[in-house]
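Participant: Can you keep this structure in mind? I'll have questions shortly.
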Amino acid sequence: MREHRLRYLLGGAFHSLAWTEWGPPEGVPVICVHGLTRNGRDFDVLAAALAEQGRRVLCPDLPGRGASAWLPHPALYTPPSYVVALAHLLARLDGPVDWVGTSLGGICGMMVAAGQGHPIRRMVLNDIGARVPATAAARIATYVREALAFDDLAALEAHLRAVHAPFGKLSDEDWRHMAQHSHRMLPDGRLGMHYDPAIAVPFEQAATGPVDLSALWSLVQVPVLLLHGAESDILEEETAREMAMRPAVELVTLPGIGHAPALVDAAQIGLVSRFLAA
């Protein structure tokens with residue numbers, strides 16, 4: 001694993017975007033983009049597996065998360081801003097890429113793939129689709145807005161286990177890894193979440209009703225693997241089935257999982273690697 005940074009221009013100022021990179025530099029690139037409150041280290045297991053197959057895997061921390069810089073204004077924490085930052089990374093690659101996007105990362109992927117002359121070859125949408133119900137958006141807004149502080153890593157891990165239980169059955173090692181890469185030190189010595197609390201501001205404003213991404217989805221023409229957590233409240237079964245009516249879309253529903261599949265077990269990794277190898 002290698003750690004990198006680049007500078008990108010947004011809102012009249014330059015900011016820092018961090019990412020981890022796996023595999024040979026000459027490998028065909030795969031960009032893995034995380035969900036709303038997560039970071040690129042969520043993909044460590046998947047990235048290592050794809051790297052063993054010769055792929056070059058890049059896992060960015062979206063602005064305001066992980067090792068990437070926080071933005072000066074809450075209003076900048078929106079998908080178009082994230083795509084601006086990611087476009088700088090795509091420009092460095094300057095060629096075809098595959099995309100794995102979990103939730104918000106999938107929305108960013110659809111936005112890129114909807115653009116003329118985009119570089120995306122194949123795309124995995126991990127539990128995100130053409131519509132998001134209002135109740136699901138409101139649920140996420142509830143825990144994003146909380147200003148949390150924890151006495152130690154064990155307490156933070158317990159919180160992650162509760163909030164992200166829909167991810168599915170993860171091992172103790174998986175939860176420990178998530179906790180290790182999901183915290184920052186607060187001034188009082190306690191631990192806070194690794195993201196800027198201001199990311200909640202525009203999200204709460206947008207979470208007042210259902211989110212309709214169907215117009216964006218209609219512009220996506222690349223082959224898509226749509227992973228659907230059977231118990232997900234973000235990607236409903238009806239929406240997933242409608243999306244799968246398109247010939248280039250392969251739908252896989254994963255039982256016993258909500259929002260969103262963690263992509264850490266062998267079966268899920270196998271689905272992604274098989275699809276991207278085509």
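Each chain of the structure tokens is named A, B, ... in the order shown, its residues numbered from 1; ligands are numbered from 1 in display order.
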Counting only C-alpha atoms, which residues of segment 85-136 of chain A fall within 10 Å of segment 50-64 of chain A, and what is the closest atom pair for each with its distance in Å at one decimal, ordered by chain and rising number, as a Markdown table?

Facilitator:
```
| residue | atom | partner | partner_atom | distance |
| --- | --- | --- | --- | --- |
| A:Ala85 | CA | A:Pro63 | CA | 7.6 |
| A:Leu86 | CA | A:Pro60 | CA | 8.1 |
| A:Leu89 | CA | A:Pro60 | CA | 8.8 |
| A:Val97 | CA | A:Arg56 | CA | 9.6 |
| A:Asp98 | CA | A:Val57 | CA | 9.3 |
| A:Trp99 | CA | A:Val57 | CA | 9.7 |
| A:Val100 | CA | A:Cys59 | CA | 9.5 |
| A:Leu104 | CA | A:Leu62 | CA | 9.9 |
| A:Gly105 | CA | A:Leu62 | CA | 8.8 |
```

Participant: Put those residues in a file: C-alpha atoms, as an mmCIF file, in the first residue's frame.

Facilitator:
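Final output, saved to result.cif:
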```
data_model
loop_
_atom_site.group_PDB
_atom_site.id
_atom_site.type_symbol
_atom_site.label_atom_id
_atom_site.label_comp_id
_atom_site.auth_asym_id
_atom_site.auth_seq_id
_atom_site.Cartn_x
_atom_site.Cartn_y
_atom_site.Cartn_z
ATOM 1 C CA ALA A 85 -11.860 16.497 -6.514
ATOM 2 C CA LEU A 86 -12.086 13.017 -8.048
ATOM 3 C CA LEU A 89 -7.377 12.049 -9.733
ATOM 4 C CA VAL A 97 -10.699 3.089 -15.300
ATOM 5 C CA ASP A 98 -13.121 0.821 -13.487
ATOM 6 C CA TRP A 99 -15.198 2.226 -10.643
ATOM 7 C CA VAL A 100 -16.409 0.694 -7.387
ATOM 8 C CA LEU A 104 -22.316 8.135 -2.050
ATOM 9 C CA GLY A 105 -19.316 6.763 -3.948
#
```

Participant: Contacts of Gly95 of chain A at 9 Å or less, counting only C-alpha atoms, minus same-chain residues fewer than 5 places along, as a list in words?

Facilitator: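 Non-adjacent residues within range: Pro29, Leu90, Pro119 and Ile120 of chain A.
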
Participant: Please produce a file of the residues just selected, as an mmCIF file, in the first residue's frame, where the atoms kept are C-alpha atoms.

Facilitator:
```
data_model
loop_
_atom_site.group_PDB
_atom_site.id
_atom_site.type_symbol
_atom_site.label_atom_id
_atom_site.label_comp_id
_atom_site.auth_asym_id
_atom_site.auth_seq_id
_atom_site.Cartn_x
_atom_site.Cartn_y
_atom_site.Cartn_z
ATOM 1 C CA PRO A 29 -6.806 1.250 -12.619
ATOM 2 C CA LEU A 90 -8.904 10.779 -12.981
ATOM 3 C CA PRO A 119 -13.115 7.309 -18.674
ATOM 4 C CA ILE A 120 -15.211 4.677 -16.837
#
```

Participant: Fewer than 4 positions away in the same chain doesn't count, so skip those; otherwise give me all residues within 8 Å of Asp212 of chain A, counting only C-alpha atoms, as an MDAnalysis selection string.

Facilitator: chainID A and resid 130:132

Participant: Since we have the selection now, will you write its residues out, keeping N, CA and C atoms, as a short mmCIF file (atom, residue, chain, number, x, y, z; two decimals), in the first residue's frame?

Facilitator:
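Okay, this is what ended up in again_25.cif:
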```
data_model
loop_
_atom_site.label_atom_id
_atom_site.label_comp_id
_atom_site.auth_asym_id
_atom_site.auth_seq_id
_atom_site.Cartn_x
_atom_site.Cartn_y
_atom_site.Cartn_z
N ALA A 130 -31.30 4.37 -8.45
CA ALA A 130 -31.94 5.50 -9.09
C ALA A 130 -32.83 6.29 -8.13
N ARG A 131 -33.20 5.69 -7.00
CA ARG A 131 -34.03 6.40 -6.02
C ARG A 131 -33.60 6.02 -4.61
N VAL A 132 -33.69 7.00 -3.70
CA VAL A 132 -33.42 6.78 -2.28
C VAL A 132 -34.66 7.24 -1.51
#
```

Participant: Do you know which residues are at most 7 Å from Gly229 of chain A counting only C-alpha atoms, after dropping those on the same chain fewer than 3 positions away, and could you put them as a compact mmCIF listing (two decimals) with C-alpha atoms, in the first residue's frame?

Facilitator:
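The resulting file, result.txt, is reproduced below:
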```txt
# COMPACT_ATOMS: atom_id res chain seq x y z
CA ASP A 127 -26.28 -0.59 -2.72
CA SER A 232 -31.32 -2.33 2.56
CA THR A 253 -28.94 -9.44 -4.11
CA LEU A 254 -27.05 -10.39 -0.96
CA PRO A 255 -29.18 -11.98 1.79
CA ILE A 257 -27.28 -7.59 4.57
CA GLY A 258 -28.64 -4.07 4.62
CA HIS A 259 -26.91 -0.87 3.60
CA ALA A 260 -24.29 -1.53 2.47
CA PRO A 261 -22.31 -4.72 1.75
```

Participant: Might you pull out every residue within 12 Å of Trp70 of chain A, with only C-alpha atoms counted and same-chain residues fewer than 4 positions away left off, and present them as a list of chain:residue names?

Facilitator: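 The neighbour list is A:Leu10, A:Phe14, A:His15, A:Ser16, A:Leu17, A:Ala18, A:Asp61, A:Leu62, A:Pro63, A:Gly64, A:Arg65, A:Gly66, A:Pro74, A:Leu76, A:Tyr77, A:Tyr82, A:His194, A:Tyr195, A:Asp196, A:Pro197, A:Ala198, A:Ile199.
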
Participant: Using the chain letters and numbers from this document, which residues of segment 5-91 of chain A does DSSP assign to alpha helix (DSSP H), as a PDB file with N, CA and C atoms, in the first residue's frame?

Facilitator:
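The result, written out as part-v1.pdb:
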```pdb
ATOM      1  N   ASP A  44      -9.551  -1.700   2.003  1.00  0.00           N
ATOM      2  CA  ASP A  44      -8.236  -2.339   2.108  1.00  0.00           C
ATOM      3  C   ASP A  44      -8.259  -3.803   1.674  1.00  0.00           C
ATOM      4  N   VAL A  45      -9.240  -4.558   2.140  1.00  0.00           N
ATOM      5  CA  VAL A  45      -9.288  -5.993   1.826  1.00  0.00           C
ATOM      6  C   VAL A  45      -9.560  -6.207   0.343  1.00  0.00           C
ATOM      7  N   LEU A  46     -10.542  -5.493  -0.190  1.00  0.00           N
ATOM      8  CA  LEU A  46     -10.844  -5.598  -1.616  1.00  0.00           C
ATOM      9  C   LEU A  46      -9.662  -5.145  -2.458  1.00  0.00           C
ATOM     10  N   ALA A  47      -9.037  -4.035  -2.084  1.00  0.00           N
ATOM     11  CA  ALA A  47      -7.912  -3.497  -2.855  1.00  0.00           C
ATOM     12  C   ALA A  47      -6.745  -4.476  -2.885  1.00  0.00           C
ATOM     13  N   ALA A  48      -6.460  -5.098  -1.747  1.00  0.00           N
ATOM     14  CA  ALA A  48      -5.362  -6.061  -1.699  1.00  0.00           C
ATOM     15  C   ALA A  48      -5.647  -7.248  -2.612  1.00  0.00           C
ATOM     16  N   ALA A  49      -6.904  -7.696  -2.632  1.00  0.00           N
ATOM     17  CA  ALA A  49      -7.267  -8.834  -3.480  1.00  0.00           C
ATOM     18  C   ALA A  49      -7.158  -8.480  -4.962  1.00  0.00           C
ATOM     19  N   LEU A  50      -7.638  -7.299  -5.341  1.00  0.00           N
ATOM     20  CA  LEU A  50      -7.551  -6.889  -6.739  1.00  0.00           C
ATOM     21  C   LEU A  50      -6.102  -6.640  -7.154  1.00  0.00           C
ATOM     22  N   ALA A  51      -5.291  -6.120  -6.224  1.00  0.00           N
ATOM     23  CA  ALA A  51      -3.879  -5.893  -6.517  1.00  0.00           C
ATOM     24  C   ALA A  51      -3.164  -7.204  -6.818  1.00  0.00           C
ATOM     25  N   GLU A  52      -3.541  -8.268  -6.123  1.00  0.00           N
ATOM     26  CA  GLU A  52      -2.936  -9.578  -6.386  1.00  0.00           C
ATOM     27  C   GLU A  52      -3.262 -10.067  -7.791  1.00  0.00           C
ATOM     28  N   PRO A  79     -22.126  16.176  -3.726  1.00  0.00           N
ATOM     29  CA  PRO A  79     -21.539  15.322  -4.765  1.00  0.00           C
ATOM     30  C   PRO A  79     -20.835  16.058  -5.898  1.00  0.00           C
ATOM     31  N   PRO A  80     -21.363  17.189  -6.410  1.00  0.00           N
ATOM     32  CA  PRO A  80     -20.609  17.880  -7.463  1.00  0.00           C
ATOM     33  C   PRO A  80     -19.210  18.298  -7.017  1.00  0.00           C
ATOM     34  N   SER A  81     -19.061  18.723  -5.750  1.00  0.00           N
ATOM     35  CA  SER A  81     -17.733  19.076  -5.248  1.00  0.00           C
ATOM     36  C   SER A  81     -16.833  17.844  -5.185  1.00  0.00           C
ATOM     37  N   TYR A  82     -17.388  16.734  -4.747  1.00  0.00           N
ATOM     38  CA  TYR A  82     -16.590  15.511  -4.659  1.00  0.00           C
ATOM     39  C   TYR A  82     -16.117  15.084  -6.048  1.00  0.00           C
ATOM     40  N   VAL A  83     -16.983  15.249  -7.038  1.00  0.00           N
ATOM     41  CA  VAL A  83     -16.603  14.873  -8.400  1.00  0.00           C
ATOM     42  C   VAL A  83     -15.496  15.781  -8.920  1.00  0.00           C
ATOM     43  N   VAL A  84     -15.523  17.045  -8.542  1.00  0.00           N
ATOM     44  CA  VAL A  84     -14.424  17.948  -8.922  1.00  0.00           C
ATOM     45  C   VAL A  84     -13.099  17.412  -8.386  1.00  0.00           C
ATOM     46  N   ALA A  85     -13.086  17.027  -7.112  1.00  0.00           N
ATOM     47  CA  ALA A  85     -11.860  16.497  -6.514  1.00  0.00           C
ATOM     48  C   ALA A  85     -11.444  15.204  -7.203  1.00  0.00           C
ATOM     49  N   LEU A  86     -12.400  14.304  -7.417  1.00  0.00           N
ATOM     50  CA  LEU A  86     -12.086  13.017  -8.048  1.00  0.00           C
ATOM     51  C   LEU A  86     -11.644  13.189  -9.494  1.00  0.00           C
ATOM     52  N   ALA A  87     -12.142  14.226 -10.165  1.00  0.00           N
ATOM     53  CA  ALA A  87     -11.740  14.469 -11.551  1.00  0.00           C
ATOM     54  C   ALA A  87     -10.247  14.762 -11.651  1.00  0.00           C
ATOM     55  N   HIS A  88      -9.684  15.387 -10.626  1.00  0.00           N
ATOM     56  CA  HIS A  88      -8.239  15.630 -10.628  1.00  0.00           C
ATOM     57  C   HIS A  88      -7.475  14.312 -10.559  1.00  0.00           C
ATOM     58  N   LEU A  89      -8.008  13.355  -9.810  1.00  0.00           N
ATOM     59  CA  LEU A  89      -7.377  12.049  -9.733  1.00  0.00           C
ATOM     60  C   LEU A  89      -7.521  11.322 -11.062  1.00  0.00           C
ATOM     61  N   LEU A  90      -8.696  11.403 -11.671  1.00  0.00           N
ATOM     62  CA  LEU A  90      -8.904  10.779 -12.981  1.00  0.00           C
ATOM     63  C   LEU A  90      -7.975  11.384 -14.032  1.00  0.00           C
ATOM     64  N   ALA A  91      -7.748  12.688 -13.936  1.00  0.00           N
ATOM     65  CA  ALA A  91      -6.875  13.347 -14.909  1.00  0.00           C
ATOM     66  C   ALA A  91      -5.451  12.828 -14.812  1.00  0.00           C
TER      67      ALA A  91
END
```

Participant: Excluding Leu251 of chain A and any residue of its chain fewer than 6 positions from it, enumerate the residues within 7 Å of it, using only C-alpha atoms, and give them as a ChimeraX atom specification.

Facilitator: /A:225-227,244

Participant: Using only C-alpha atoms, which residues sit within 12 Å of Val211 of chain A once same-chain residues fewer than 5 positions away are excluded, as a PDB file with C-alpha atoms, in the first residue's frame?

Facilitator:
```
ATOM      1  CA  ILE A 107     -23.567   8.510  -6.869  1.00  0.00           C
ATOM      2  CA  ILE A 128     -27.184   2.671  -4.386  1.00  0.00           C
ATOM      3  CA  GLY A 129     -29.605   3.222  -7.200  1.00  0.00           C
ATOM      4  CA  ALA A 130     -31.942   5.505  -9.085  1.00  0.00           C
ATOM      5  CA  ARG A 131     -34.035   6.396  -6.023  1.00  0.00           C
ATOM      6  CA  VAL A 132     -33.423   6.777  -2.279  1.00  0.00           C
ATOM      7  CA  PRO A 133     -36.510   6.738  -0.017  1.00  0.00           C
ATOM      8  CA  ALA A 134     -37.052   9.715   2.274  1.00  0.00           C
ATOM      9  CA  THR A 135     -37.123   7.529   5.398  1.00  0.00           C
ATOM     10  CA  ALA A 136     -33.704   6.075   4.608  1.00  0.00           C
ATOM     11  CA  ALA A 137     -32.133   9.482   3.977  1.00  0.00           C
ATOM     12  CA  ALA A 138     -33.613  10.732   7.247  1.00  0.00           C
ATOM     13  CA  PHE A 203     -27.021  16.342   3.611  1.00  0.00           C
ATOM     14  CA  GLN A 205     -31.064  19.866   3.789  1.00  0.00           C
ATOM     15  CA  ALA A 206     -31.263  17.308   0.983  1.00  0.00           C
ATOM     16  CA  LEU A 216     -28.716  10.741 -13.781  1.00  0.00           C
ATOM     17  CA  ILE A 234     -31.423   2.796   0.711  1.00  0.00           C
ATOM     18  CA  LEU A 235     -31.801   0.607  -2.370  1.00  0.00           C
TER      19      LEU A 235
END
```
